[in-house]
$ cat input.txt   # compact mmCIF, C-alpha atoms and all ligand atoms
# COMPACT_ATOMS: atom_id res chain seq x y z
CA MET L 22 269.92 -7.83 -95.72
CA ASN L 23 271.39 -4.78 -97.38
CA SER L 24 269.29 -1.75 -96.30
CA LYS L 25 269.37 1.99 -95.56
CA PHE L 26 266.88 4.42 -93.98
CA LEU L 27 266.34 7.96 -95.26
CA LYS L 28 264.27 10.87 -93.90
CA SER L 29 264.04 9.60 -90.36
CA ASP L 30 262.61 6.19 -91.19
CA HIS L 31 260.03 7.35 -93.75
CA ILE L 32 262.03 5.81 -96.61
CA LYS L 33 263.69 2.46 -96.47
CA LEU L 34 265.98 1.23 -99.26
CA TYR L 35 266.69 -2.48 -99.32
CA LYS L 36 267.78 -5.30 -101.59
CA ARG L 37 265.86 -8.52 -101.92
CA GLU L 38 267.69 -11.81 -101.83
CA ASN L 39 268.65 -12.85 -105.36
CA SER L 40 268.29 -9.27 -106.71
CA ASN L 41 270.82 -6.51 -107.17
CA TYR L 42 268.19 -3.79 -107.63
CA TRP L 43 267.38 -1.41 -104.81
CA GLN L 44 263.78 -1.54 -103.58
CA MET L 45 262.11 1.35 -101.75
CA LYS L 46 259.51 1.27 -98.98
CA ILE L 47 257.86 4.62 -98.29
CA LYS L 48 255.70 5.25 -95.26
CA LEU L 49 253.76 8.48 -94.82
CA PRO L 50 252.04 9.23 -91.50
CA ARG L 51 248.54 7.70 -91.27
CA GLN L 52 248.95 5.89 -94.61
CA LYS L 53 249.77 2.41 -95.74
CA SER L 54 253.37 1.95 -96.83
CA ILE L 55 254.20 1.78 -100.53
CA ARG L 56 256.84 -0.64 -101.90
CA SER L 57 258.39 -0.37 -105.33
CA SER L 58 261.63 -0.98 -107.21
CA THR L 59 263.89 2.04 -107.81
CA GLY L 60 265.09 0.39 -111.03
CA THR L 61 268.75 0.89 -110.20
CA LYS L 62 271.55 -1.12 -108.66
CA ILE L 63 273.44 1.99 -107.53
CA LEU L 64 272.68 3.18 -104.02
CA LYS L 65 273.27 6.91 -104.73
CA GLU L 66 270.83 6.79 -107.66
CA ALA L 67 268.30 4.78 -105.66
CA GLU L 68 268.46 7.44 -102.91
CA LYS L 69 267.74 10.21 -105.43
CA ILE L 70 264.84 8.29 -107.00
CA ALA L 71 263.32 7.43 -103.62
CA LEU L 72 263.60 11.04 -102.37
CA LYS L 73 261.95 12.38 -105.53
CA TYR L 74 259.15 9.84 -105.26
CA TYR L 75 258.75 10.66 -101.58
CA SER L 76 258.46 14.43 -102.12
CA GLY L 77 255.90 13.84 -104.89
CA LEU L 78 253.81 11.81 -102.50
CA ILE L 79 254.13 14.37 -99.73
CA LYS L 80 252.94 17.11 -102.07
CA LYS L 81 249.96 15.09 -103.28
CA ASN L 82 249.13 14.04 -99.77
CA TYR L 83 249.33 17.64 -98.53
CA ILE L 84 246.90 18.77 -101.23
CA ASN L 85 244.47 15.97 -100.36
CA PHE L 86 244.90 16.74 -96.66
CA LYS L 87 244.13 20.41 -97.30
CA LYS L 88 241.08 19.47 -99.36
CA SER L 89 239.72 17.28 -96.60
CA GLN L 90 240.23 19.94 -93.92
CA PRO L 91 236.93 21.09 -92.45
CA VAL L 92 236.10 24.80 -92.56
CA PHE L 93 235.34 24.77 -88.85
CA LYS L 94 238.46 23.52 -87.11
CA LYS L 95 237.75 24.39 -83.49
CA ILE L 96 237.25 21.86 -80.74
CA HIS L 97 235.03 24.10 -78.59
CA LEU L 98 231.84 26.02 -79.33
CA VAL L 99 231.58 28.69 -76.68
CA GLU L 100 230.85 31.95 -78.47
CA THR L 101 229.27 32.97 -81.76
CA ALA L 102 231.71 35.87 -81.71
CA ASP L 103 234.37 33.21 -82.50
CA LEU L 104 232.64 32.10 -85.70
CA ASN L 105 233.07 33.59 -89.14
CA LYS L 106 230.50 33.44 -91.95
CA LYS L 107 232.09 30.42 -93.64
CA GLU L 108 232.17 28.46 -90.38
CA ILE L 109 228.51 29.25 -89.68
CA GLU L 110 227.51 28.18 -93.19
CA TYR L 111 229.57 25.01 -92.80
CA ILE L 112 227.73 24.04 -89.59
CA LEU L 113 224.34 24.80 -91.21
CA ASN L 114 225.25 22.65 -94.22
CA GLU L 115 226.46 19.79 -92.05
CA SER L 116 223.10 19.84 -90.24
CA LYS L 117 221.10 19.31 -93.43
CA LYS L 118 221.61 15.56 -93.55
CA TYR L 119 220.28 15.25 -90.02
CA ILE L 120 217.00 17.03 -90.80
CA LYS L 121 216.18 14.17 -93.16
CA PHE L 122 217.68 11.54 -90.88
CA ASN L 123 215.55 12.69 -87.93
CA LYS L 124 212.40 12.02 -89.96
CA SER L 125 213.41 8.47 -90.81
CA LYS L 126 212.08 5.37 -89.09
CA ILE L 127 215.32 4.28 -87.45
CA LYS L 128 216.95 7.29 -85.88
CA LYS L 129 220.26 5.88 -84.79
CA ILE L 130 223.74 5.69 -86.24
CA ASN L 131 226.82 4.83 -84.34
CA ILE L 132 229.33 7.40 -85.49
CA LEU L 133 229.89 8.56 -81.91
CA GLU L 134 229.87 5.10 -80.38
CA GLY L 135 232.23 4.89 -77.42
CA ARG L 136 232.33 8.67 -76.92
CA THR L 137 231.34 10.13 -73.56
CA ILE L 138 229.37 13.36 -73.36
CA PHE L 139 228.25 15.15 -70.20
CA ASN L 140 225.18 17.39 -70.09
CA LEU L 141 226.05 19.76 -67.21
CA PHE L 142 223.05 21.96 -66.52
CA PHE L 143 223.31 24.37 -63.58
CA GLU L 144 220.19 26.25 -64.68
CA ASP L 145 216.73 24.87 -65.44
CA SER L 146 216.24 23.58 -68.94
CA THR L 147 214.08 21.00 -70.60
CA ARG L 148 214.28 21.91 -74.26
CA THR L 149 218.02 22.43 -74.68
CA ARG L 150 219.06 19.61 -72.35
CA THR L 151 216.83 17.02 -73.99
CA SER L 152 217.74 18.31 -77.45
CA PHE L 153 221.43 17.65 -76.76
CA GLU L 154 220.56 14.30 -75.18
CA VAL L 155 218.51 13.18 -78.18
CA ALA L 156 221.26 14.39 -80.54
CA ALA L 157 224.00 12.51 -78.68
CA LYS L 158 221.95 9.32 -78.41
CA ARG L 159 221.00 9.32 -82.08
CA LEU L 160 224.69 9.43 -82.92
CA GLY L 161 225.40 6.52 -80.57
CA ALA L 162 227.32 8.40 -77.85
CA ASP L 163 227.00 7.78 -74.11
CA ILE L 164 225.50 10.84 -72.47
CA ILE L 165 225.43 11.52 -68.75
CA ASN L 166 223.02 14.12 -67.42
CA VAL L 167 224.15 16.10 -64.40
CA SER L 168 221.62 18.58 -63.09
CA VAL L 169 222.17 21.14 -60.39
CA ARG L 170 220.38 19.03 -57.81
CA ASP L 171 222.95 16.21 -58.04
CA SER L 172 225.86 18.56 -58.22
CA SER L 173 228.52 18.84 -55.53
CA ILE L 174 228.27 22.62 -56.04
CA ASN L 175 225.66 22.30 -53.31
CA LYS L 176 228.29 20.72 -51.06
CA GLY L 177 230.54 23.74 -51.39
CA GLU L 178 232.77 22.34 -54.12
CA THR L 179 233.58 25.03 -56.62
CA LEU L 180 232.35 24.73 -60.17
CA LEU L 181 235.84 24.57 -61.59
CA ASP L 182 236.71 21.76 -59.12
CA THR L 183 233.65 19.85 -60.31
CA MET L 184 234.80 20.34 -63.89
CA THR L 185 238.29 19.07 -63.08
CA THR L 186 236.77 16.00 -61.39
CA ILE L 187 234.58 15.26 -64.40
CA ASN L 188 237.53 15.91 -66.72
CA SER L 189 239.43 13.12 -64.93
CA MET L 190 236.80 10.68 -66.19
CA ASN L 191 238.06 11.44 -69.71
CA PRO L 192 234.89 12.76 -71.31
CA ASP L 193 234.98 13.90 -74.92
CA ILE L 194 232.50 16.77 -74.70
CA LEU L 195 231.04 18.81 -71.84
CA ILE L 196 227.81 20.66 -72.61
CA VAL L 197 227.50 23.45 -70.08
CA ARG L 198 224.63 25.68 -69.06
CA HIS L 199 225.33 28.07 -66.20
CA PRO L 200 224.12 31.49 -65.01
CA GLU L 201 227.63 32.98 -65.04
CA GLU L 202 228.66 34.84 -68.18
CA GLY L 203 231.83 33.56 -69.79
CA ILE L 204 231.97 30.37 -67.69
CA SER L 205 232.11 28.01 -70.70
CA LYS L 206 235.19 29.75 -72.03
CA LYS L 207 236.82 29.54 -68.60
CA ILE L 208 236.04 25.82 -68.35
CA SER L 209 237.39 25.18 -71.85
CA SER L 210 240.73 26.55 -70.75
CA ILE L 211 241.10 24.13 -67.82
CA VAL L 212 239.73 20.82 -69.15
CA GLU L 213 240.93 18.55 -71.92
CA ALA L 214 237.38 17.80 -73.06
CA SER L 215 235.66 19.97 -75.64
CA VAL L 216 233.12 22.45 -74.30
CA ILE L 217 229.82 23.49 -75.87
CA ASN L 218 228.15 26.52 -74.34
CA ALA L 219 224.45 25.75 -73.86
CA GLY L 220 223.80 29.21 -72.38
CA ASP L 221 225.95 31.30 -70.02
CA GLY L 222 223.88 33.90 -68.17
CA SER L 223 222.82 36.75 -70.44
CA HIS L 224 225.88 36.28 -72.61
CA GLU L 225 225.61 33.67 -75.39
CA HIS L 226 223.71 30.60 -76.57
CA PRO L 227 225.43 29.58 -79.81
CA THR L 228 223.47 26.44 -80.71
CA GLN L 229 220.16 28.30 -80.25
CA ALA L 230 221.24 30.97 -82.74
CA LEU L 231 222.50 28.30 -85.14
CA LEU L 232 219.20 26.42 -84.99
CA ASP L 233 217.32 29.68 -85.51
CA ALA L 234 219.48 30.42 -88.56
CA LEU L 235 218.82 26.91 -89.90
CA THR L 236 215.06 27.39 -89.42
CA ILE L 237 215.18 30.70 -91.30
CA LYS L 238 217.40 29.24 -94.04
CA ASN L 239 214.92 26.43 -94.65
CA LYS L 240 212.15 28.95 -95.24
CA PHE L 241 213.95 31.66 -97.20
CA LYS L 242 217.03 29.86 -98.67
CA LYS L 243 219.23 32.95 -98.19
CA PHE L 244 219.78 35.72 -95.68
CA SER L 245 220.95 38.60 -97.82
CA LYS L 246 217.59 40.30 -98.38
CA LEU L 247 215.99 39.41 -95.08
CA LYS L 248 214.92 41.79 -92.37
CA ILE L 249 214.58 40.15 -88.97
CA ALA L 250 213.07 41.75 -85.88
CA ILE L 251 214.25 40.59 -82.45
CA CYS L 252 211.80 41.81 -79.85
CA GLY L 253 211.35 42.19 -76.11
CA ASP L 254 213.81 41.60 -73.31
CA ILE L 255 216.99 42.16 -75.32
CA LEU L 256 219.02 43.18 -72.26
CA HIS L 257 218.87 39.82 -70.46
CA SER L 258 218.73 37.58 -73.51
CA ARG L 259 221.67 35.42 -74.57
CA VAL L 260 219.48 34.26 -77.47
CA ALA L 261 219.24 37.85 -78.75
CA ARG L 262 223.00 38.41 -78.50
CA SER L 263 223.94 35.18 -80.29
CA ASN L 264 221.27 35.70 -82.96
CA ILE L 265 222.34 39.28 -83.66
CA ILE L 266 225.91 38.08 -84.21
CA ILE L 267 225.07 35.02 -86.32
CA LEU L 268 222.26 36.45 -88.45
CA SER L 269 224.14 39.67 -89.21
CA LYS L 270 227.25 37.68 -90.21
CA LEU L 271 225.03 35.71 -92.58
CA GLY L 272 223.92 38.96 -94.20
CA ALA L 273 220.46 39.63 -92.68
CA LYS L 274 219.39 43.09 -91.49
CA ILE L 275 218.40 43.13 -87.83
CA ASN L 276 215.94 45.37 -86.03
CA VAL L 277 215.90 45.16 -82.26
CA ILE L 278 212.71 46.33 -80.58
CA GLY L 279 212.07 46.69 -76.87
CA PRO L 280 211.39 49.06 -74.02
CA LYS L 281 214.32 51.44 -73.46
CA GLU L 282 215.22 49.87 -70.11
CA TRP L 283 215.62 46.48 -71.83
CA LEU L 284 218.00 47.63 -74.51
CA PRO L 285 221.63 47.00 -73.51
CA LYS L 286 223.75 50.14 -72.99
CA ASN L 287 226.22 48.98 -75.65
CA ILE L 288 223.53 48.05 -78.21
CA LYS L 289 224.86 50.66 -80.65
CA LYS L 290 228.05 48.62 -80.99
CA PHE L 291 226.05 45.82 -82.62
CA PRO L 292 225.07 45.84 -86.31
CA VAL L 293 221.38 46.52 -85.61
CA ASN L 294 218.71 49.18 -86.03
CA ILE L 295 217.15 50.12 -82.71
CA PHE L 296 213.45 50.71 -82.06
CA THR L 297 211.28 51.18 -79.01
CA GLU L 298 207.97 50.85 -80.86
CA MET L 299 206.69 47.64 -82.44
CA LYS L 300 204.92 49.47 -85.27
CA LYS L 301 208.10 51.12 -86.55
CA GLY L 302 210.45 48.23 -85.82
CA LEU L 303 208.33 45.54 -87.47
CA TYR L 304 207.89 47.49 -90.70
CA ASN L 305 208.83 45.31 -93.71
CA CYS L 306 210.24 42.46 -91.57
CA ASP L 307 210.27 38.86 -92.87
CA VAL L 308 210.73 37.26 -89.47
CA VAL L 309 209.61 38.35 -86.02
CA MET L 310 211.62 36.68 -83.29
CA MET L 311 210.09 37.10 -79.85
CA LEU L 312 212.12 36.62 -76.67
CA ARG L 313 211.11 35.26 -73.30
CA ILE L 314 210.99 37.87 -70.57
CA GLN L 315 213.81 36.57 -68.37
CA LYS L 316 212.00 36.88 -65.05
CA GLU L 317 214.81 35.13 -63.16
CA ARG L 318 217.31 37.76 -64.30
CA ILE L 319 215.09 40.73 -63.48
CA VAL L 320 215.68 40.63 -59.75
CA GLY L 321 215.57 43.81 -57.71
CA LYS L 322 214.14 45.67 -60.72
CA ILE L 323 210.55 46.49 -61.52
CA MET L 324 208.75 43.84 -63.52
CA PRO L 325 206.33 45.38 -66.01
CA ASN L 326 202.64 44.79 -65.63
CA GLN L 327 201.65 41.90 -67.91
CA LYS L 328 198.62 43.59 -69.42
CA SER L 329 200.26 46.89 -70.27
CA TYR L 330 203.43 45.17 -71.51
CA PHE L 331 201.45 42.90 -73.80
CA LYS L 332 199.56 45.88 -75.16
CA LYS L 333 202.79 47.63 -76.13
CA TYR L 334 205.21 44.81 -76.94
CA GLY L 335 203.33 41.51 -76.94
CA LEU L 336 203.06 39.98 -80.41
CA ASP L 337 199.54 39.25 -81.59
CA TYR L 338 197.88 39.04 -85.03
CA ASN L 339 197.33 42.82 -85.05
CA LYS L 340 200.94 43.77 -84.45
CA LEU L 341 202.12 41.09 -86.85
CA LYS L 342 200.33 43.05 -89.59
CA TYR L 343 203.03 45.75 -89.25
CA ALA L 344 205.52 43.21 -90.64
CA LYS L 345 205.52 41.77 -94.19
CA LYS L 346 202.33 40.05 -95.29
CA ASN L 347 203.57 36.48 -94.78
CA ALA L 348 206.09 37.15 -92.04
CA PHE L 349 206.96 34.23 -89.76
CA VAL L 350 207.02 34.22 -85.98
CA MET L 351 209.76 32.61 -83.89
CA HIS L 352 210.39 32.12 -80.15
CA PRO L 353 213.17 30.07 -78.51
CA GLY L 354 210.83 28.86 -75.76
CA PRO L 355 209.80 28.48 -73.07
CA MET L 356 207.09 31.06 -73.74
CA ASN L 357 205.27 33.34 -71.35
CA ARG L 358 201.98 33.04 -73.19
CA GLY L 359 199.93 36.23 -73.00
CA PHE L 360 202.95 38.23 -71.81
CA GLU L 361 205.31 38.49 -74.79
CA ILE L 362 203.27 36.45 -77.29
CA ASP L 363 199.63 35.70 -77.97
CA SER L 364 198.95 32.04 -77.28
CA LYS L 365 196.88 31.43 -80.42
CA LEU L 366 199.48 33.01 -82.69
CA ALA L 367 202.24 30.94 -81.09
CA ASP L 368 200.35 27.74 -81.96
CA ASP L 369 199.35 28.82 -85.47
CA VAL L 370 201.55 26.63 -87.68
CA THR L 371 200.82 28.77 -90.73
CA ARG L 372 202.67 31.69 -89.10
CA SER L 373 204.71 30.25 -86.25
CA LEU L 374 208.01 28.39 -86.72
CA ILE L 375 208.32 27.52 -83.03
CA GLN L 376 207.90 23.74 -83.44
CA GLU L 377 210.19 23.82 -86.46
CA GLN L 378 212.85 25.49 -84.29
CA VAL L 379 212.73 22.56 -81.86
CA ALA L 380 213.19 20.07 -84.71
CA MET L 381 216.10 22.06 -86.16
CA GLY L 382 217.68 22.14 -82.70
CA VAL L 383 218.28 18.39 -82.74
CA ALA L 384 219.78 18.51 -86.26
CA ILE L 385 222.10 21.40 -85.41
CA ARG L 386 223.26 19.75 -82.20
CA MET L 387 223.95 16.45 -83.99
CA ALA L 388 226.09 18.31 -86.51
CA CYS L 389 227.93 20.24 -83.78
CA LEU L 390 228.70 17.06 -81.81
CA GLU L 391 229.91 15.26 -84.92
CA ILE L 392 232.07 18.15 -86.12
CA ILE L 393 233.67 18.66 -82.73
CA ILE L 394 234.46 14.97 -82.26
CA ASN L 395 235.94 14.82 -85.78
CA ASN L 396 238.07 17.86 -85.03
CA ARG L 397 239.32 16.27 -81.82
CA ASP L 398 240.28 13.15 -83.76
CA ARG L 399 242.01 15.18 -86.44
CA PHE L 400 243.79 17.73 -84.37
CA ILE L 401 244.38 16.35 -80.89
CA ASN L 402 243.66 12.63 -80.52
CA ASP L 403 246.05 11.57 -83.26
C1 LIG L 501 216.50 29.97 -74.12
C2 LIG L 501 217.56 29.94 -73.07
O1 LIG L 501 217.54 29.12 -72.17
O2 LIG L 501 218.41 30.79 -73.15
N1 LIG L 501 215.74 28.81 -74.21
C3 LIG L 501 216.24 27.69 -74.72
O3 LIG L 501 217.42 27.53 -74.85
N2 LIG L 501 215.36 26.80 -75.10
C4 LIG L 501 215.64 31.11 -74.03
C5 LIG L 501 215.00 31.43 -72.73
O4 LIG L 501 215.13 30.74 -71.74
O5 LIG L 501 214.35 32.44 -72.71
$ encode --input "input.txt" --output "structure tokens"
Amino acid sequence: MNSKFLKSDHIKLYKRENSNYWQMKIKLPRQKSIRSSTGTKILKEAEKIALKYYSGLIKKNYINFKKSQPVFKKIHLVETADLNKKEIEYILNESKKYIKFNKSKIKKINILEGRTIFNLFFEDSTRTRTSFEVAAKRLGADIINVSVRDSSINKGETLLDTMTTINSMNPDILIVRHPEEGISKKISSIVEASVINAGDGSHEHPTQALLDALTIKNKFKKFSKLKIAICGDILHSRVARSNIIILSKLGAKINVIGPKEWLPKNIKKFPVNIFTEMKKGLYNCDVVMMLRIQKERIVGKIMPNQKSYFKKYGLDYNKLKYAKKNAFVMHPGPMNRGFEIDSKLADDVTRSLIQEQVAMGVAIRMACLEIIINNRDRFIND
């Protein structure tokens, strides 16, 4: 058969038996090939026609490709500092469909079928670990839970060795909680799997801040006029850090309130107003986010007396009156009831969004898993 290839095999010109006209076959990456007649018997003309047709297709395809590009293109989620406003909004929007889905009767789709996810928790957690597990299972993925007790860390193997071993099993995503700050980022640089930071020491907890933002968005629709107070043990709280970054990028005003010794030295570098008194800090706030006193991170330092701390900084109905009339209360859990928050207020569903936060956690984590897997397919698995 008479034939010729152009553009490194993307265009084939050929003649059919019993025809003198040149035919073209054009194949673009990841697309079905197109066959058509060039309408000419002259090879030089057929080449020109095919090349013109080919560049038209490339252009159209490029535009479509650009249109279908996600706003969030990363394959890891280790720091909120890495996210811009558009990316945060994109993740929040992608979570919306899962809020509805999680209320339906059958809570399972198989979009992550055949994908392997590891939950690697080197610090205690019930809420976050199960939230990721539920999210992964509802999307049809296989999830393997590794807790510190089963870990070879106890046998002297280093954490990074453990990660390399797990990486050899070809997982798609590793969800990592660990007391060391910055460890998720380190792991993401040595494994091929994607890494989601589920809390690294006092540093960051991106999915918690995203689920908090989603909870707030559901109540207020926008962030631009909101004033949000983040209160208590700011110094040791990864939740505070990630929330300050995410909520301020979304346009909310943030007040941080806590005893002086629990305000980080570099707090002035963050876009926040700083208070040491609840009365002043809560003034005109729409949301009051309480933090758990991180007892496990306050070692070798003096722990405040529960009664006197609660009197000054614990949130109860009386202190909540300093905020806006219908202000909402949030807490990432687990709570130290009677220490940083009044037990009755925490359970009061007319004021407290704490249960709502848990529900939003599953939706956010489903969206994050889906987005990250899609990005892997688009950008590295192809
Ligand atoms: C937070 C955490 O572990 O950082 N909790 C959570 O993710 N559910 C907050 C906390 O432990 O205080």
$ closest_residue --input "input.txt" --among "L:Ile323, L:Cys252, L:Ile237, L:Ile295" --to "L:Ala273" --atoms "all atoms listed in the file"
L:Ile237
$ residues_near_ligand --input "input.txt" --ligand "ligand LIG 501 (chain L)" --cutoff "10 Å" --atoms "all atoms listed in the file" --output "PyMOL selection string"
chain L and resi 144-152+198-200+219-230+254+257-261+311-317+352-357+378-379+382
$ atom_distance --input "input.txt" --atom1 "atom CA of L:Phe93" --atom2 "atom CA of L:Arg386"
14.7 Å
$ atom_distance --input "input.txt" --atom1 "atom CA of L:Arg37" --atom2 "atom CA of L:Ala71"
16.2 Å
$ atom_distance --input "input.txt" --atom1 "atom CA of L:Asn166" --atom2 "atom CA of L:Asn191"
15.4 Å
$ closest_residue --input "input.txt" --among "L:Ile251, L:Ile217, L:Tyr74, L:Leu256" --to "L:Asp307" --atoms "all atoms listed in the file"
L:Ile251
$ decode --input "input.txt" --residues "stretch 99-123 of chain L" --atoms "N, CA and C atoms" --output "compact mmCIF listing (two decimals), in the first residue's frame"
# COMPACT_ATOMS: atom_id res chain seq x y z
N VAL L 99 -0.07 18.54 51.89
CA VAL L 99 0.70 18.50 53.13
C VAL L 99 0.65 19.79 53.94
N GLU L 100 0.39 20.90 53.26
CA GLU L 100 0.37 22.18 53.98
C GLU L 100 -0.70 23.10 53.41
N THR L 101 -1.40 23.82 54.29
CA THR L 101 -2.35 24.80 53.76
C THR L 101 -1.59 25.99 53.18
N ALA L 102 -0.37 26.17 53.65
CA ALA L 102 0.46 27.26 53.13
C ALA L 102 0.66 27.10 51.62
N ASP L 103 0.55 25.87 51.12
CA ASP L 103 0.70 25.58 49.68
C ASP L 103 -0.52 25.96 48.85
N LEU L 104 -1.65 26.22 49.51
CA LEU L 104 -2.91 26.38 48.78
C LEU L 104 -3.24 27.86 48.56
N ASN L 105 -3.71 28.19 47.36
CA ASN L 105 -4.20 29.55 47.18
C ASN L 105 -5.73 29.56 47.30
N LYS L 106 -6.31 30.76 47.26
CA LYS L 106 -7.75 30.90 47.50
C LYS L 106 -8.57 30.07 46.51
N LYS L 107 -8.18 30.11 45.24
CA LYS L 107 -8.93 29.38 44.21
C LYS L 107 -8.90 27.87 44.48
N GLU L 108 -7.74 27.38 44.88
CA GLU L 108 -7.61 25.94 45.16
C GLU L 108 -8.47 25.53 46.36
N ILE L 109 -8.49 26.40 47.37
CA ILE L 109 -9.31 26.10 48.56
C ILE L 109 -10.79 26.06 48.16
N GLU L 110 -11.20 27.07 47.41
CA GLU L 110 -12.61 27.13 46.98
C GLU L 110 -12.96 25.92 46.11
N TYR L 111 -12.02 25.51 45.29
CA TYR L 111 -12.24 24.35 44.42
C TYR L 111 -12.49 23.09 45.27
N ILE L 112 -11.67 22.89 46.29
CA ILE L 112 -11.84 21.70 47.15
C ILE L 112 -13.19 21.78 47.88
N LEU L 113 -13.53 22.96 48.38
CA LEU L 113 -14.82 23.12 49.08
C LEU L 113 -15.98 22.80 48.12
N ASN L 114 -15.89 23.29 46.89
CA ASN L 114 -16.96 23.03 45.92
C ASN L 114 -17.06 21.56 45.56
N GLU L 115 -15.91 20.92 45.41
CA GLU L 115 -15.91 19.49 45.08
C GLU L 115 -16.51 18.64 46.21
N SER L 116 -16.48 19.18 47.43
CA SER L 116 -17.00 18.42 48.58
C SER L 116 -18.53 18.44 48.64
N LYS L 117 -19.10 19.47 48.00
CA LYS L 117 -20.56 19.69 48.12
C LYS L 117 -21.36 18.45 47.76
N LYS L 118 -20.99 17.82 46.64
CA LYS L 118 -21.78 16.65 46.20
C LYS L 118 -21.73 15.52 47.23
N TYR L 119 -20.66 15.47 48.00
CA TYR L 119 -20.56 14.39 48.98
C TYR L 119 -21.37 14.65 50.25
N ILE L 120 -21.71 15.90 50.51
CA ILE L 120 -22.55 16.20 51.69
C ILE L 120 -23.90 15.51 51.45
N LYS L 121 -24.42 15.70 50.24
CA LYS L 121 -25.72 15.11 49.89
C LYS L 121 -25.59 13.57 49.82
N PHE L 122 -24.54 13.14 49.16
CA PHE L 122 -24.31 11.70 48.98
C PHE L 122 -24.26 10.97 50.33
N ASN L 123 -23.60 11.60 51.30
CA ASN L 123 -23.43 10.96 52.62
C ASN L 123 -24.74 10.86 53.41
